[in-house]
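A.B. asks: My questions all concern the structure below.
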Amino acid sequence: MSTSKRPAPAAGSVPVRSGLGEARDAASPLVPAAPSDRSVGLSGGGSDRSAGRRSEGAAESPTVRLREAPVPQPPAGPPRYAPEWLRLREPADAAARAHDLIEPLRAGLARLKGRADGLVVHDLGCGTGSMGRWLAPLLDGPQHWVLHDRDPYLLHFAAAVAAPRAAADGSRVTVETRRGDLARLTPDALTGAALVTASALLDVLTAAEVGRLAAACTAAGCPALLTLSVAGRVGLTPAHPLDAEITEAFNDHQRRTGMLGPDAVTTAAEAFAGHGATVRAHSSPWRLGPGEGELTAQWLRGWVGAAVEQRPELRERAGRYLDERLAACAAGELRVIVHHTDLLALCRPTGGTS
């Protein structure tokens, strides 16, 4: 999120600075950086383990090329976000994403003229790289993932800790990182791309930024899979009289400073369709129960915190509400559905991705 105020919480996200807010760098980088010559083989172990060099040989481990771009951080740029929080939400994200969009995506990729070295996938606002860990094993063939973010710490984490190792058919997956700013997006940034992905990104963009994203993807002729955009609806069981008011205040907070919030998917669908793309949308809700108590508690704090920031007059009532909800969560009595929407845009090929 690009704001000088305390970062705002998007559904299911918590930043480092305050314990509230979006869980990854919302201003995703899209400008290619000057490449370095460093290439290191890394372990593909779990996200909680530090990466080390593998002894099995380079062919069995992903290759990470770290691109060190001289892109300055703007003074009012977004804060850094905790990899620990991203690990906490990653299982819920993976369970929520719409698997029904994978087959149409595969069909769209099959119509593209492929590169000899496989698919090139650009992951925008990648955070710690959870999108690649989810999607790479669902697609066949060799893949090269280009991870974009404006936070160098998250980029290093995404490349070094748990980069995807293999595609669905066992083909090799390689990774590189690029740092930059969505505001500087040009179609040239996606030259050679076979697919653009993003997770929990659209709702923290403006209409102009979404328009540039749609234009760049369609100019490159590559599909876009954009997942987990907030839909503006939350269901809590048992219900509470303040649920609707907190939801409304949170949605208003999501739309501050021109961000699209729950209007993002509709705006993006119209933007892509306006460029001739075929667009599909599918529900992708988080379903949080007793087994996700830690995630639910963190989400509650962020959700209520944003509502109070938007409407300070709610503070006293919202404080009591939050205490009650956290107590129910700790007792295993609370269930939450946080509604999101996934969008797949199948753009017209423009002569291949070679």
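Each chain in the structure tokens gets a letter, A, B and so on, in the order shown; residues start at 1 in every chain, and ligands are counted from 1 in the order they appear.
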Among the residues of range 191-249 of chain A, find those DSSP assigns to alpha helix (DSSP H) from the backbone and print them as an MDAnalysis selection string.
C.D. replies: chainID A and resid 207:220 243:249
A.B. asks: Could you find all residues in range 209-331 of chain A that DSSP calls strand (DSSP E) from the backbone, and write them as a compact mmCIF listing (two decimals) with C-alpha atoms, in the first residue's frame?
C.D. replies:
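For reference, selection_5.txt as written:
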# COMPACT_ATOMS: atom_id res chain seq x y z
CA ALA A 224 -2.90 -13.28 -16.26
CA LEU A 225 -3.92 -15.23 -13.15
CA LEU A 226 -4.69 -12.74 -10.38
CA THR A 227 -5.81 -14.40 -7.17
CA LEU A 228 -7.24 -13.58 -3.73
CA SER A 229 -8.65 -10.10 -4.29
CA VAL A 230 -10.93 -9.06 -1.43
CA ALA A 231 -14.62 -9.23 -2.32
CA GLY A 232 -15.93 -7.00 0.49
CA ARG A 233 -17.87 -9.78 2.22
CA VAL A 234 -17.08 -11.55 5.48
CA GLY A 235 -19.14 -14.17 7.29
CA LEU A 236 -18.62 -14.88 11.00
CA THR A 237 -20.31 -17.63 12.98
CA THR A 278 -11.50 -13.48 -22.28
CA VAL A 279 -12.06 -13.12 -18.55
CA ARG A 280 -13.17 -15.68 -15.96
CA ALA A 281 -13.75 -15.00 -12.26
CA HIS A 282 -14.15 -17.56 -9.50
CA SER A 283 -14.80 -17.35 -5.78
CA TRP A 286 -10.71 -18.35 3.15
CA ARG A 287 -12.58 -20.78 5.41
CA LEU A 288 -11.14 -20.43 8.89
A.B. asks: Determine the nearest neighbour of Glu248 in chain A from the options A:Phe272, A:Leu295, A:Gly211, A:Gln310, counting only C-alpha atoms.
C.D. replies: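 Of A:Phe272, A:Leu295, A:Gly211, A:Gln310, the one nearest Glu248 in chain A is A:Gln310, counting only C-alpha atoms.
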A.B. asks: Skip Asp203 in chain A itself and residues of its chain fewer than 2 positions away, then list as a VMD selection string all residues within 10 Å of it, counting only C-alpha atoms.
C.D. replies: chain A and resid 1 10 to 11 26 199 to 201 205 to 207 210 228 to 231 254 to 255 259 to 265 267 to 268
A.B. asks: Pick from A:Leu112, A:Cys126, A:Leu139, A:Leu88: nearest to Thr177 in chain A, with only C-alpha atoms counted?
C.D. replies: A:Cys126
